[in-house]
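Asker: Just so it is clear, I am handing over entry.tsv, which has TSV, C-alpha atoms.
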chain	number	residue	atom	x	y	z
A	1	PRO	CA	-12.77	-97.60	-113.19
A	2	ASN	CA	-13.21	-98.15	-116.96
A	3	LEU	CA	-16.78	-99.28	-116.28
A	4	ASP	CA	-17.65	-96.58	-113.72
A	5	GLY	CA	-21.05	-95.07	-114.52
A	6	LYS	CA	-21.47	-97.33	-117.55
A	7	ILE	CA	-24.17	-99.69	-116.29
A	8	VAL	CA	-27.70	-98.51	-117.14
A	9	ALA	CA	-29.57	-101.74	-116.31
A	10	GLU	CA	-28.90	-105.11	-114.66
A	11	ALA	CA	-30.58	-108.49	-114.34
A	12	CYS	CA	-29.81	-112.10	-113.47
A	13	PHE	CA	-31.11	-115.44	-114.73
A	14	ALA	CA	-29.21	-118.19	-112.90
A	15	SER	CA	-30.93	-121.52	-112.23
A	16	GLY	CA	-30.09	-123.06	-108.87
A	17	ASN	CA	-30.89	-119.91	-106.91
A	18	ASP	CA	-27.54	-118.40	-107.92
A	19	CYS	CA	-28.61	-114.78	-108.40
A	20	PRO	CA	-27.40	-112.23	-105.81
A	21	ASN	CA	-30.81	-112.31	-104.11
A	22	GLY	CA	-30.62	-116.11	-103.67
A	23	GLN	CA	-33.24	-116.74	-106.36
A	24	ASP	CA	-33.29	-117.85	-110.00
A	25	PHE	CA	-34.15	-114.31	-111.15
A	26	ASP	CA	-33.10	-110.88	-110.01
A	27	GLU	CA	-33.17	-107.40	-111.53
A	28	GLY	CA	-32.10	-103.90	-110.62
A	29	GLU	CA	-28.88	-102.51	-109.18
A	30	GLY	CA	-26.37	-105.18	-108.23
A	31	SER	CA	-28.24	-108.05	-109.87
A	32	GLY	CA	-25.81	-108.37	-112.78
A	33	THR	CA	-22.62	-108.37	-110.75
A	34	TYR	CA	-19.81	-110.88	-111.25
A	35	CYS	CA	-19.52	-114.14	-109.30
A	36	THR	CA	-16.76	-114.79	-106.78
A	37	TYR	CA	-16.48	-118.59	-106.46
A	38	SER	CA	-14.09	-119.17	-109.38
A	39	GLY	CA	-11.14	-117.58	-111.13
A	40	ASP	CA	-13.26	-117.64	-114.29
A	41	CYS	CA	-15.54	-115.03	-112.73
A	42	PHE	CA	-13.20	-112.37	-114.20
A	43	HIS	CA	-14.70	-113.12	-117.60
A	44	GLY	CA	-17.74	-110.83	-117.72
A	45	THR	CA	-15.91	-107.72	-116.51
A	46	HIS	CA	-13.09	-108.34	-119.00
A	47	VAL	CA	-15.52	-108.76	-121.90
A	48	ALA	CA	-17.52	-105.66	-120.91
A	49	GLY	CA	-14.35	-103.59	-120.78
A	50	ILE	CA	-13.37	-104.68	-124.30
A	51	ALA	CA	-16.77	-103.71	-125.69
A	52	ALA	CA	-17.33	-100.35	-124.03
A	53	GLY	CA	-14.82	-99.54	-121.30
A	54	ALA	CA	-13.73	-95.92	-121.05
A	55	GLY	CA	-10.58	-94.62	-119.41
A	56	ALA	CA	-7.06	-93.38	-119.93
A	57	SER	CA	-5.74	-96.96	-119.93
A	58	TYR	CA	-7.02	-99.66	-122.27
A	59	PRO	CA	-10.36	-98.16	-123.33
A	60	GLY	CA	-12.82	-100.39	-125.13
A	61	ILE	CA	-13.97	-100.43	-128.72
A	62	SER	CA	-16.95	-98.12	-128.15
A	63	PRO	CA	-16.04	-96.05	-125.06
A	64	GLY	CA	-19.05	-93.76	-125.49
A	65	ALA	CA	-21.53	-96.62	-125.22
A	66	SER	CA	-23.42	-97.68	-122.11
A	67	LEU	CA	-23.68	-101.24	-120.81
A	68	ILE	CA	-26.44	-103.57	-119.65
A	69	SER	CA	-25.16	-106.37	-117.42
A	70	ILE	CA	-27.13	-109.63	-117.40
A	71	GLN	CA	-25.74	-112.55	-115.40
A	72	VAL	CA	-26.61	-115.97	-116.90
A	73	PHE	CA	-24.12	-118.25	-115.12
A	74	SER	CA	-24.74	-120.64	-112.23
A	75	GLU	CA	-22.28	-122.28	-109.86
A	76	SER	CA	-21.53	-125.85	-110.91
A	77	THR	CA	-19.47	-128.52	-109.16
A	78	GLY	CA	-17.89	-131.92	-109.74
A	79	THR	CA	-17.70	-133.49	-113.17
A	80	ASP	CA	-19.74	-130.66	-114.71
A	81	CYS	CA	-16.60	-128.53	-114.41
A	82	ASN	CA	-14.15	-130.86	-116.20
A	83	PRO	CA	-11.52	-129.97	-117.24
A	84	ASP	CA	-11.81	-126.80	-115.12
A	85	PRO	CA	-11.49	-126.77	-111.31
A	86	SER	CA	-14.64	-127.15	-109.23
A	87	PRO	CA	-16.68	-125.05	-108.55
A	88	CYS	CA	-17.03	-123.35	-111.93
A	89	PRO	CA	-19.49	-121.09	-113.76
A	90	ARG	CA	-21.77	-122.82	-116.28
A	91	SER	CA	-24.75	-121.40	-118.16
A	92	TYR	CA	-28.09	-123.11	-118.81
A	93	THR	CA	-29.67	-122.62	-122.24
A	94	SER	CA	-32.94	-121.81	-120.49
A	95	ASP	CA	-31.27	-118.89	-118.69
A	96	GLN	CA	-29.72	-117.61	-121.90
A	97	LEU	CA	-33.14	-117.76	-123.55
A	98	ALA	CA	-34.78	-115.93	-120.64
A	99	ALA	CA	-32.12	-113.21	-120.83
A	100	LEU	CA	-32.60	-112.71	-124.58
A	101	GLU	CA	-36.35	-112.46	-124.11
A	102	TYR	CA	-35.82	-109.98	-121.25
A	103	VAL	CA	-33.76	-107.79	-123.56
A	104	PHE	CA	-36.47	-107.91	-126.24
A	105	VAL	CA	-39.55	-107.45	-124.06
A	106	THR	CA	-38.40	-105.43	-121.03
A	107	LEU	CA	-35.25	-103.53	-121.94
A	108	ARG	CA	-35.72	-102.74	-125.62
A	109	PRO	CA	-38.52	-100.18	-125.05
A	110	LEU	CA	-36.36	-98.37	-122.47
A	111	HIS	CA	-32.94	-98.31	-124.16
A	112	THR	CA	-31.48	-97.95	-127.64
A	113	ILE	CA	-29.68	-101.29	-127.89
A	114	ALA	CA	-27.18	-101.92	-130.68
A	115	SER	CA	-26.03	-105.42	-129.82
A	116	VAL	CA	-26.13	-108.31	-127.38
A	117	ASN	CA	-22.78	-109.90	-126.52
A	118	MET	CA	-22.72	-113.64	-125.75
A	119	SER	CA	-19.17	-114.73	-124.97
A	120	LEU	CA	-20.23	-118.29	-124.20
A	121	GLY	CA	-20.97	-121.47	-126.07
A	122	GLY	CA	-21.82	-125.14	-126.08
A	123	LEU	CA	-21.59	-128.02	-128.55
A	124	PRO	CA	-20.01	-127.38	-131.97
A	125	TYR	CA	-22.03	-127.83	-135.17
A	126	THR	CA	-20.69	-128.44	-138.67
A	127	SER	CA	-24.07	-127.54	-140.21
A	128	GLN	CA	-25.92	-124.27	-139.71
A	129	LEU	CA	-29.17	-125.99	-140.66
A	130	PHE	CA	-28.78	-128.62	-137.95
A	131	CYS	CA	-27.73	-125.90	-135.51
A	132	ASP	CA	-30.94	-123.98	-136.19
A	133	LEU	CA	-33.01	-127.14	-135.75
A	134	GLY	CA	-31.25	-128.01	-132.50
A	135	ASN	CA	-31.54	-124.48	-131.07
A	136	GLY	CA	-35.00	-123.44	-132.23
A	137	ALA	CA	-36.00	-121.40	-129.17
A	138	ILE	CA	-32.70	-119.50	-129.07
A	139	LYS	CA	-32.94	-118.85	-132.81
A	140	ALA	CA	-36.44	-117.43	-132.42
A	141	ALA	CA	-35.20	-115.04	-129.71
A	142	ILE	CA	-32.23	-113.96	-131.84
A	143	ASP	CA	-34.57	-113.52	-134.82
A	144	ASN	CA	-36.82	-111.24	-132.77
A	145	LEU	CA	-33.89	-109.03	-131.75
A	146	ARG	CA	-32.51	-108.93	-135.27
A	147	SER	CA	-35.88	-107.85	-136.66
A	148	MET	CA	-35.62	-104.77	-134.42
A	149	GLY	CA	-32.08	-103.91	-135.52
A	150	ILE	CA	-30.29	-105.56	-132.56
A	151	ALA	CA	-27.40	-107.88	-133.40
A	152	THR	CA	-26.72	-110.92	-131.22
A	153	VAL	CA	-22.93	-111.34	-131.35
A	154	VAL	CA	-21.68	-114.76	-130.18
A	155	ALA	CA	-18.30	-116.40	-129.65
A	156	ALA	CA	-17.48	-119.22	-132.10
A	157	GLY	CA	-15.69	-121.30	-129.46
A	158	ASN	CA	-12.15	-122.24	-128.45
A	159	ASP	CA	-11.87	-125.89	-129.51
A	160	GLY	CA	-9.53	-125.28	-132.46
A	161	ILE	CA	-12.03	-126.97	-134.80
A	162	THR	CA	-11.65	-126.03	-138.47
A	163	ASN	CA	-15.12	-126.96	-139.76
A	164	ALA	CA	-17.55	-126.22	-136.92
A	165	ILE	CA	-18.52	-123.48	-134.49
A	166	ALA	CA	-20.24	-123.71	-131.14
A	167	GLU	CA	-23.87	-123.14	-130.31
A	168	PRO	CA	-25.45	-120.59	-130.21
A	169	ALA	CA	-22.92	-118.85	-132.50
A	170	CYS	CA	-23.82	-121.39	-135.19
A	171	VAL	CA	-27.43	-120.10	-135.33
A	172	SER	CA	-27.98	-118.59	-138.78
A	173	SER	CA	-29.30	-115.25	-137.48
A	174	ALA	CA	-26.47	-114.77	-134.95
A	175	ILE	CA	-23.27	-112.86	-135.68
A	176	SER	CA	-20.54	-115.43	-135.02
A	177	VAL	CA	-17.02	-114.25	-134.21
A	178	SER	CA	-13.69	-116.05	-134.11
A	179	ALA	CA	-10.25	-114.79	-133.07
A	180	THR	CA	-7.15	-113.49	-134.83
A	181	ASP	CA	-3.85	-112.32	-133.38
A	182	ASP	CA	-2.16	-108.93	-133.83
A	183	GLY	CA	-0.63	-110.08	-137.12
A	184	ASP	CA	-4.01	-111.18	-138.52
A	185	GLY	CA	-3.07	-114.80	-138.07
A	186	ILE	CA	-5.80	-117.21	-136.99
A	187	ALA	CA	-5.54	-118.06	-133.29
A	188	SER	CA	-4.79	-121.75	-132.78
A	189	PHE	CA	-7.79	-122.17	-130.47
A	190	SER	CA	-10.29	-120.57	-132.87
A	191	ASN	CA	-13.26	-122.50	-134.18
A	192	ALA	CA	-14.11	-121.78	-137.81
A	193	ALA	CA	-16.60	-122.89	-140.43
A	194	ALA	CA	-17.88	-121.76	-143.80
A	195	PHE	CA	-20.73	-119.91	-142.09
A	196	LEU	CA	-18.54	-117.88	-139.68
A	197	SER	CA	-19.61	-114.21	-139.79
A	198	LEU	CA	-16.48	-112.27	-138.77
A	199	TRP	CA	-12.96	-112.34	-137.34
A	200	ALA	CA	-11.75	-109.96	-134.63
A	201	PRO	CA	-8.71	-109.66	-132.33
A	202	GLY	CA	-8.75	-112.22	-129.54
A	203	VAL	CA	-5.17	-112.95	-128.47
A	204	SER	CA	-3.65	-111.34	-125.34
A	205	ILE	CA	-6.35	-108.68	-125.09
A	206	ARG	CA	-5.79	-106.36	-122.14
A	207	ALA	CA	-8.93	-105.24	-120.34
A	208	PRO	CA	-10.27	-104.60	-116.79
A	209	PHE	CA	-9.79	-107.27	-114.11
A	210	PHE	CA	-12.81	-107.88	-111.87
A	211	GLY	CA	-12.82	-106.79	-108.24
A	212	SER	CA	-9.88	-104.43	-108.77
A	213	SER	CA	-8.75	-101.25	-110.51
A	214	GLY	CA	-6.25	-103.19	-112.61
A	215	PHE	CA	-6.11	-104.95	-115.95
A	216	THR	CA	-5.25	-108.41	-117.22
A	217	ASN	CA	-4.55	-110.13	-120.53
A	218	ALA	CA	-6.82	-112.89	-121.79
A	219	SER	CA	-7.26	-114.80	-125.04
A	220	GLY	CA	-10.28	-116.46	-126.61
A	221	THR	CA	-13.12	-116.01	-129.02
A	222	SER	CA	-14.82	-114.56	-125.93
A	223	MET	CA	-12.40	-111.61	-126.27
A	224	ALA	CA	-12.94	-111.30	-130.03
A	225	THR	CA	-16.72	-111.14	-129.67
A	226	PRO	CA	-16.94	-107.85	-127.72
A	227	HIS	CA	-14.73	-106.22	-130.36
A	228	VAL	CA	-17.63	-106.82	-132.75
A	229	ALA	CA	-20.38	-105.97	-130.24
A	230	GLY	CA	-18.62	-102.69	-129.48
A	231	ALA	CA	-18.10	-102.00	-133.17
A	232	TRP	CA	-21.83	-102.45	-133.67
A	233	ALA	CA	-22.56	-99.67	-131.15
A	234	THR	CA	-20.17	-97.29	-132.92
A	235	LEU	CA	-21.60	-98.08	-136.35
A	236	ARG	CA	-25.19	-97.73	-135.15
A	237	GLN	CA	-24.33	-94.31	-133.73
A	238	GLY	CA	-22.94	-93.25	-137.12
A	239	ALA	CA	-25.75	-94.87	-139.10
A	240	PRO	CA	-28.78	-95.16	-136.78
A	241	SER	CA	-31.10	-96.56	-139.45
A	242	ALA	CA	-28.72	-99.27	-140.68
A	243	SER	CA	-30.04	-102.81	-140.37
A	244	VAL	CA	-28.15	-105.78	-138.94
A	245	ASP	CA	-27.69	-107.10	-142.48
A	246	GLU	CA	-26.32	-103.77	-143.70
A	247	ILE	CA	-23.81	-103.44	-140.85
A	248	LEU	CA	-22.68	-107.05	-141.22
A	249	THR	CA	-22.18	-106.59	-144.97
A	250	ALA	CA	-20.22	-103.38	-144.38
A	251	LEU	CA	-17.90	-105.11	-141.91
A	252	GLN	CA	-17.40	-108.12	-144.18
A	253	ASN	CA	-16.79	-106.08	-147.35
A	254	THR	CA	-14.38	-103.54	-145.83
A	255	GLY	CA	-12.44	-105.77	-143.45
A	256	VAL	CA	-9.08	-107.44	-143.86
A	257	ALA	CA	-9.54	-110.74	-145.66
A	258	ILE	CA	-8.38	-113.64	-143.49
A	259	PRO	CA	-7.49	-116.53	-145.78
A	260	ASP	CA	-8.91	-119.74	-144.38
A	261	VAL	CA	-9.92	-122.92	-146.13
A	262	TYR	CA	-13.14	-123.19	-144.14
A	263	ALA	CA	-14.05	-119.59	-143.23
A	264	GLU	CA	-13.36	-116.96	-145.86
A	265	THR	CA	-14.52	-113.79	-144.16
A	266	SER	CA	-12.94	-110.61	-142.81
A	267	ARG	CA	-11.32	-109.18	-139.71
A	268	ILE	CA	-13.30	-106.07	-138.86
A	269	ARG	CA	-12.18	-102.49	-139.68
A	270	ILE	CA	-14.68	-100.11	-138.11
A	271	ALA	CA	-13.75	-96.80	-139.75
A	272	GLN	CA	-13.79	-98.31	-143.22
A	273	ALA	CA	-17.16	-99.96	-142.58
A	274	LEU	CA	-18.63	-96.68	-141.36
A	275	VAL	CA	-17.75	-94.90	-144.60
A	276	THR	CA	-19.92	-97.32	-146.58
A	277	LEU	CA	-22.89	-96.76	-144.25
A	278	LEU	CA	-22.88	-92.94	-144.40
A	279	PRO	CA	-24.64	-90.98	-147.16
A	280	VAL	CA	-22.29	-90.27	-150.04
A	281	CYS	CA	-21.36	-86.58	-150.41
A	282	SER	CA	-22.25	-85.77	-146.80
A	283	ASN	CA	-19.88	-88.04	-144.92
A	284	SER	CA	-17.11	-85.48	-144.28
A	285	LEU	CA	-14.84	-87.31	-146.75
A	286	ASP	CA	-13.53	-86.37	-150.18
A	287	ASP	CA	-15.76	-88.64	-152.26
A	288	ASP	CA	-15.19	-86.84	-155.57
A	289	GLY	CA	-11.41	-86.64	-155.24
A	290	ASP	CA	-11.03	-82.89	-155.69
A	291	GLY	CA	-9.07	-82.44	-152.48
A	292	LEU	CA	-11.97	-80.93	-150.56
A	293	ILE	CA	-14.30	-82.39	-147.94
A	294	ASP	CA	-17.78	-83.02	-149.36
A	295	LEU	CA	-20.56	-81.43	-147.33
A	296	GLU	CA	-24.05	-81.97	-148.73
A	297	ASP	CA	-22.47	-81.65	-152.21
A	298	PRO	CA	-25.14	-83.08	-154.52
A	299	GLY	CA	-23.66	-85.71	-156.77
A	300	CYS	CA	-20.10	-85.08	-155.51
A	301	ASP	CA	-19.63	-82.87	-158.58
A	302	ASP	CA	-15.86	-83.42	-158.90
A	303	GLU	CA	-14.95	-79.75	-158.91
A	304	ASP	CA	-14.35	-76.95	-156.44
A	305	ASP	CA	-17.61	-76.15	-154.73
A	306	PRO	CA	-18.28	-73.48	-152.06
A	307	SER	CA	-20.14	-76.09	-150.04
A	308	GLU	CA	-16.86	-78.03	-149.62
A	309	LYS	CA	-14.01	-77.35	-147.24
A	310	ALA	CA	-10.30	-78.08	-147.23
A	311	PRO	CA	-9.61	-80.34	-144.22
A	312	ASP	CA	-5.96	-79.36	-143.83
A	313	LEU	CA	-6.44	-75.57	-143.71
A	314	ALA	CA	-7.38	-74.12	-140.33
A	315	CYS	CA	-8.98	-71.10	-142.01
A	316	ASP	CA	-10.98	-73.18	-144.49
A	317	ASP	CA	-12.47	-75.94	-142.38
A	318	GLY	CA	-15.95	-74.49	-142.11
A	319	GLU	CA	-15.45	-73.36	-138.50
A	320	ASP	CA	-14.92	-70.10	-136.63
A	321	ASN	CA	-11.36	-70.71	-135.44
A	322	ASP	CA	-10.72	-67.17	-134.23
A	323	GLY	CA	-14.03	-66.87	-132.38
A	324	ASP	CA	-15.21	-63.64	-134.03
A	325	GLY	CA	-18.57	-65.07	-135.07
A	326	TRP	CA	-17.63	-65.36	-138.75
A	327	VAL	CA	-16.76	-68.46	-140.73
A	328	ASP	CA	-13.03	-68.47	-141.60
A	329	PHE	CA	-11.82	-68.69	-145.19
A	330	PRO	CA	-8.31	-69.16	-146.64
A	331	GLU	CA	-8.10	-65.54	-147.74
A	332	ASP	CA	-8.16	-64.65	-144.03
A	333	PRO	CA	-4.46	-65.11	-143.11
A	334	GLY	CA	-4.19	-66.50	-139.63
A	335	CYS	CA	-7.98	-66.36	-139.24
A	336	ILE	CA	-7.73	-62.71	-138.20
A	337	SER	CA	-10.04	-61.16	-135.66
A	338	PRO	CA	-12.10	-58.95	-135.56
A	339	ALA	CA	-14.41	-59.81	-138.42
A	340	SER	CA	-13.00	-59.48	-141.91
A	341	THR	CA	-14.82	-58.78	-145.15
A	342	LEU	CA	-13.06	-61.90	-146.39
A	343	GLU	CA	-15.14	-64.04	-144.01
A	344	ASP	CA	-18.75	-65.13	-144.36
A	345	PRO	CA	-21.14	-63.74	-141.73
A	346	GLN	CA	-22.81	-66.16	-139.37
A	347	CYS	CA	-26.09	-65.80	-141.23
A	348	GLN	CA	-24.46	-66.78	-144.51
A	349	ASP	CA	-22.52	-69.89	-143.53
A	350	GLY	CA	-24.98	-72.38	-144.96
A	351	VAL	CA	-26.16	-73.79	-141.61
A	352	ASP	CA	-29.13	-73.25	-139.30
A	353	ASN	CA	-27.74	-70.93	-136.61
A	354	ASP	CA	-31.09	-69.86	-135.18
A	355	GLY	CA	-32.55	-73.35	-134.93
A	356	ASP	CA	-35.67	-72.74	-137.01
A	357	GLY	CA	-35.05	-75.78	-139.18
A	358	MET	CA	-34.03	-73.71	-142.22
A	359	ILE	CA	-30.63	-72.68	-143.59
A	360	ASP	CA	-29.76	-69.09	-142.66
A	361	TYR	CA	-29.10	-66.51	-145.37
A	362	ASP	CA	-27.69	-62.99	-145.52
A	363	ALA	CA	-28.23	-60.33	-148.18
A	364	GLY	CA	-30.56	-62.66	-150.02
A	365	LEU	CA	-27.84	-65.20	-150.92
A	366	SER	CA	-26.82	-68.49	-149.42
A	367	ALA	CA	-23.21	-69.47	-148.82
A	368	ASN	CA	-23.11	-71.21	-152.19
A	369	GLY	CA	-24.62	-68.24	-154.03
A	370	SER	CA	-28.20	-69.43	-154.52
A	371	ALA	CA	-30.98	-66.92	-154.02
A	372	ASP	CA	-33.19	-66.94	-150.96
A	373	PRO	CA	-36.73	-66.28	-152.21
A	374	ALA	CA	-37.81	-64.96	-148.83
A	375	GLY	CA	-35.14	-62.26	-148.71
A	376	PRO	CA	-32.27	-61.72	-146.27
A	377	ASP	CA	-32.24	-63.07	-142.72
A	378	LEU	CA	-29.81	-60.53	-141.33
A	379	GLN	CA	-29.88	-61.65	-137.71
A	380	CYS	CA	-30.83	-65.29	-138.27
A	381	GLU	CA	-34.16	-64.32	-136.77
A	382	GLY	CA	-35.76	-67.70	-136.43
A	383	TYR	CA	-38.64	-67.80	-138.86
A	384	PRO	CA	-39.19	-70.32	-141.63
A	385	TYR	CA	-38.55	-69.29	-145.20
Just give me the structure of the file as structure tokens.
Answerer:
Amino acid sequence: PNLDGKIVAEACFASGNDCPNGQDFDEGEGSGTYCTYSGDCFHGTHVAGIAAGAGASYPGISPGASLISIQVFSESTGTDCNPDPSPCPRSYTSDQLAALEYVFVTLRPLHTIASVNMSLGGLPYTSQLFCDLGNGAIKAAIDNLRSMGIATVVAAGNDGITNAIAEPACVSSAISVSATDDGDGIASFSNAAAFLSLWAPGVSIRAPFFGSSGFTNASGTSMATPHVAGAWATLRQGAPSASVDEILTALQNTGVAIPDVYAETSRIRIAQALVTLLPVCSNSLDDDGDGLIDLEDPGCDDEDDPSEKAPDLACDDGEDNDGDGWVDFPEDPGCISPASTLEDPQCQDGVDNDGDGMIDYDAGLSANGSADPAGPDLQCEGYPY
């Protein structure tokens, strides 16, 4: 239920004719569905729910985001599954590459995509340079997405290695993620290296269980990764023009420092990162410290300003709480209705009520007292000044 109505596109790249249509490639409704031949087939649904699930129970990190489901796993048997039971899901690099290219070429023009989640991995690398050389085609695909503002967020791996992370997370243009627990301790299974991008929660994460309406707990860097992919969607909504570099820097600089000999980076804090990405003095915070919310307050002038509002006063929050069509002010006890001379009329509240792209004025003055050279707009009549 947490994923109901979330899926806006689907595809499958699964060598060995393992797509739902019995071929190596499939697209359209049902093509990105989970497998059924292994207990590990729960993985994709669980990860998707962490990133963007929405519901009363255990919502995801970005519950307002949509999802694109691309299946890149094939059914493997025998020794390929060790140490897991056979059959098992395994992913070919060629299918991962095809999926990344599909996102860039086919899906990107149709959808606003914040991030790609890859909760999968292969061999660990101690060197990012050697990783790039050994994964050139994947790096090129990740580079292409990054150049268009799309982050490729990849799990660092669950080998418990302290100086290496798995491919393709080790690619220099990927956003690599390893796992912490609820106390910000490093999970014992987490891979780490000096070039790790971020930490995120990945121990006993509760999220949707495939083929049911229930939930299950799971641990892994696979569970940490969608925390970051979901965070990316939220941050891109708040700061649509922010680049991958800018969002990564914001998450690293505002997160909780996780002390580690090999990977000194941060566990993400989304709200704090968002503040650094929003324009100063128009981010609905008190940047100048005068106890009032800054709203398009040039320079955050560090004094009482009519363009600011007190967040904790119902009659001074810049809204019409009593529904009389007038902006409420603190001199209006209880936000009285009908309209009071102590309230600002709708055409003098400093916003564009009539949708003409200009701020509305009344009696020739704006809400902050500046003159309107075009004269009063008594009914917010919808013409440019």
Asker: With all atoms listed in the file as the counted atoms, please give the residues lying no more than 10 Å from A:Gly134, apart from itself and same-chain residues fewer than 5 positions off, as a list of chain:residue names.
Answerer: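 Neighbouring residues, sequence-local ones excluded: A:Tyr125, A:Gln128, A:Leu129, A:Lys139, A:Glu167, A:Pro168, A:Val171.
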Asker: Which one is closest to A:Ala137: A:Gly183, A:Gln23, A:Asp95, A:Ser31? Count all atoms listed in the file.
Answerer: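 Checking each candidate against A:Ala137, we get A:Asp95 as the closest.
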Asker: Taking all atoms listed in the file into account, name the residue in A:Thr254, A:Ser222, A:Gln272, A:Thr216 that is nearest to A:Ala169.
Answerer: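 Looking at the shortest contact to A:Ala169, the residue is A:Ser222.
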Asker: Let me make sure I understand: among A:Thr225, A:Thr265, A:Asn2, A:Thr276, which one has the smallest atom-to-atom distance to A:Ala239 if we use all atoms listed in the file?
Answerer: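 The shortest atom-to-atom distance to A:Ala239 comes from A:Thr276.
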Asker: Closest to A:Trp232 among A:Ile113, A:Glu264, A:Phe195, A:Ile138, using all atoms listed in the file?
Answerer: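 Comparing A:Ile113, A:Glu264, A:Phe195, A:Ile138 against A:Trp232, the winner is A:Ile113.
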Asker: Place a sphere of radius 9 Å on (-28.8, -105.1, -121.3) in the file coordinates and name every protein, DNA or RNA residue with an atom inside or on its surface, counting only C-alpha atoms; give the answer as a compact mmCIF listing (two decimals) with C-alpha atoms, in the coordinates of the input.
Answerer:
# COMPACT_ATOMS: atom_id res chain seq x y z
CA ILE A 7 -24.17 -99.69 -116.29
CA VAL A 8 -27.70 -98.51 -117.14
CA ALA A 9 -29.57 -101.74 -116.31
CA GLU A 10 -28.90 -105.11 -114.66
CA ALA A 11 -30.58 -108.49 -114.34
CA LEU A 67 -23.68 -101.24 -120.81
CA ILE A 68 -26.44 -103.57 -119.65
CA SER A 69 -25.16 -106.37 -117.42
CA ILE A 70 -27.13 -109.63 -117.40
CA ALA A 99 -32.12 -113.21 -120.83
CA TYR A 102 -35.82 -109.98 -121.25
CA VAL A 103 -33.76 -107.79 -123.56
CA LEU A 107 -35.25 -103.53 -121.94
CA ARG A 108 -35.72 -102.74 -125.62
CA HIS A 111 -32.94 -98.31 -124.16
CA ILE A 113 -29.68 -101.29 -127.89
CA SER A 115 -26.03 -105.42 -129.82
CA VAL A 116 -26.13 -108.31 -127.38
Asker: Mind running stretch 171-257 of chain A against stretch 43-57 of chain A at 9 Å and telling me each contacting residue's nearest atom pair with the distance in Å (one decimal), counting only C-alpha atoms, chain and number ascending, as a tab-separated table?
Answerer:
residue	atom	partner	partner_atom	distance
A:Ile205	CA	A:Ile50	CA	8.1
A:Arg206	CA	A:Ile50	CA	8.1
A:Ala207	CA	A:His46	CA	5.4
A:Pro208	CA	A:His46	CA	5.2
A:Phe209	CA	A:His46	CA	6.0
A:Phe210	CA	A:Thr45	CA	5.6
A:Gly211	CA	A:Thr45	CA	8.9
A:Phe215	CA	A:His46	CA	8.3
A:Thr216	CA	A:His46	CA	8.0
A:Asn217	CA	A:His46	CA	8.9
A:Ala218	CA	A:His46	CA	8.2
A:Ser222	CA	A:Val47	CA	7.1
A:Met223	CA	A:Val47	CA	6.1
A:Ala224	CA	A:Ile50	CA	8.8
A:Thr225	CA	A:Val47	CA	8.2
A:Pro226	CA	A:Ala51	CA	4.6
A:His227	CA	A:Ala51	CA	5.7
A:Val228	CA	A:Ala51	CA	7.8
A:Ala229	CA	A:Ala51	CA	6.2
A:Gly230	CA	A:Ala51	CA	4.3
A:Ala231	CA	A:Ala51	CA	7.8
A:Ala233	CA	A:Ala52	CA	8.9
Asker: May I ask for the distance between atom CA of A:Ser243 and atom CA of A:Ile142, given in Å to one decimal place?
Answerer: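 Atom-to-atom, atom CA of A:Ser243 to atom CA of A:Ile142, that is 14.2 Å.
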Asker: Extract, using all atoms listed in the file, all DNA, RNA and protein residues at most 8 Å from A:Ser127, discarding same-chain residues fewer than 4 positions from it, and format them as a PDB file with C-alpha atoms, in the frame of the given file.
Answerer:
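Everything below was put into out33.pdb:
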ATOM      1  CA  CYS A 131     -27.730-125.900-135.510  1.00  0.00           C
ATOM      2  CA  ALA A 164     -17.550-126.220-136.920  1.00  0.00           C
ATOM      3  CA  CYS A 170     -23.820-121.390-135.190  1.00  0.00           C
TER       4      CYS A 170
END
Asker: Which one of A:Cys81, A:Ala114, A:Leu123, A:Ala98 sits closest to A:Cys12 if you count all atoms listed in the file?
Answerer: A:Ala98
Asker: To one decimal place, how far is atom CA of A:Thr180 from atom CA of A:Asn135 in Å?
Answerer: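 Separating atom CA of A:Thr180 from atom CA of A:Asn135 is a distance of 27.0 Å.
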Asker: For A:Ile161, which of A:Leu248, A:Ala263, A:Leu100, A:Leu145 is the closest residue, counting all atoms listed in the file?
Answerer: A:Ala263
Asker: Please compute the atom CA of A:Gly28-atom CA of A:Pro63 distance, one decimal, in Å.
Answerer: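 A separation of 23.0 Å between them.
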Asker: Using all atoms listed in the file, find all polymer residues with an atom at most 10 Å away from the point (-20.5, -121.9, -125.9); report them as a PyMOL selection string.
Answerer: chain A and resi 90-91+93+118-124+154-158+165-170+221-222
Asker: Could stretch 119-123 of chain A be completed with N, CA and C atoms and returned as a compact mmCIF listing (two decimals), in the coordinates of the input?
Answerer:
# COMPACT_ATOMS: atom_id res chain seq x y z
N SER A 119 -20.48 -114.08 -124.97
CA SER A 119 -19.17 -114.73 -124.97
C SER A 119 -19.28 -116.04 -124.21
N LEU A 120 -19.97 -116.98 -124.80
CA LEU A 120 -20.23 -118.29 -124.20
C LEU A 120 -20.59 -119.25 -125.33
N GLY A 121 -20.63 -120.52 -125.03
CA GLY A 121 -20.97 -121.47 -126.07
C GLY A 121 -21.06 -122.89 -125.57
N GLY A 122 -21.63 -123.74 -126.42
CA GLY A 122 -21.82 -125.14 -126.08
C GLY A 122 -21.25 -126.05 -127.15
N LEU A 123 -22.06 -127.01 -127.60
CA LEU A 123 -21.59 -128.02 -128.55
C LEU A 123 -21.32 -127.40 -129.91
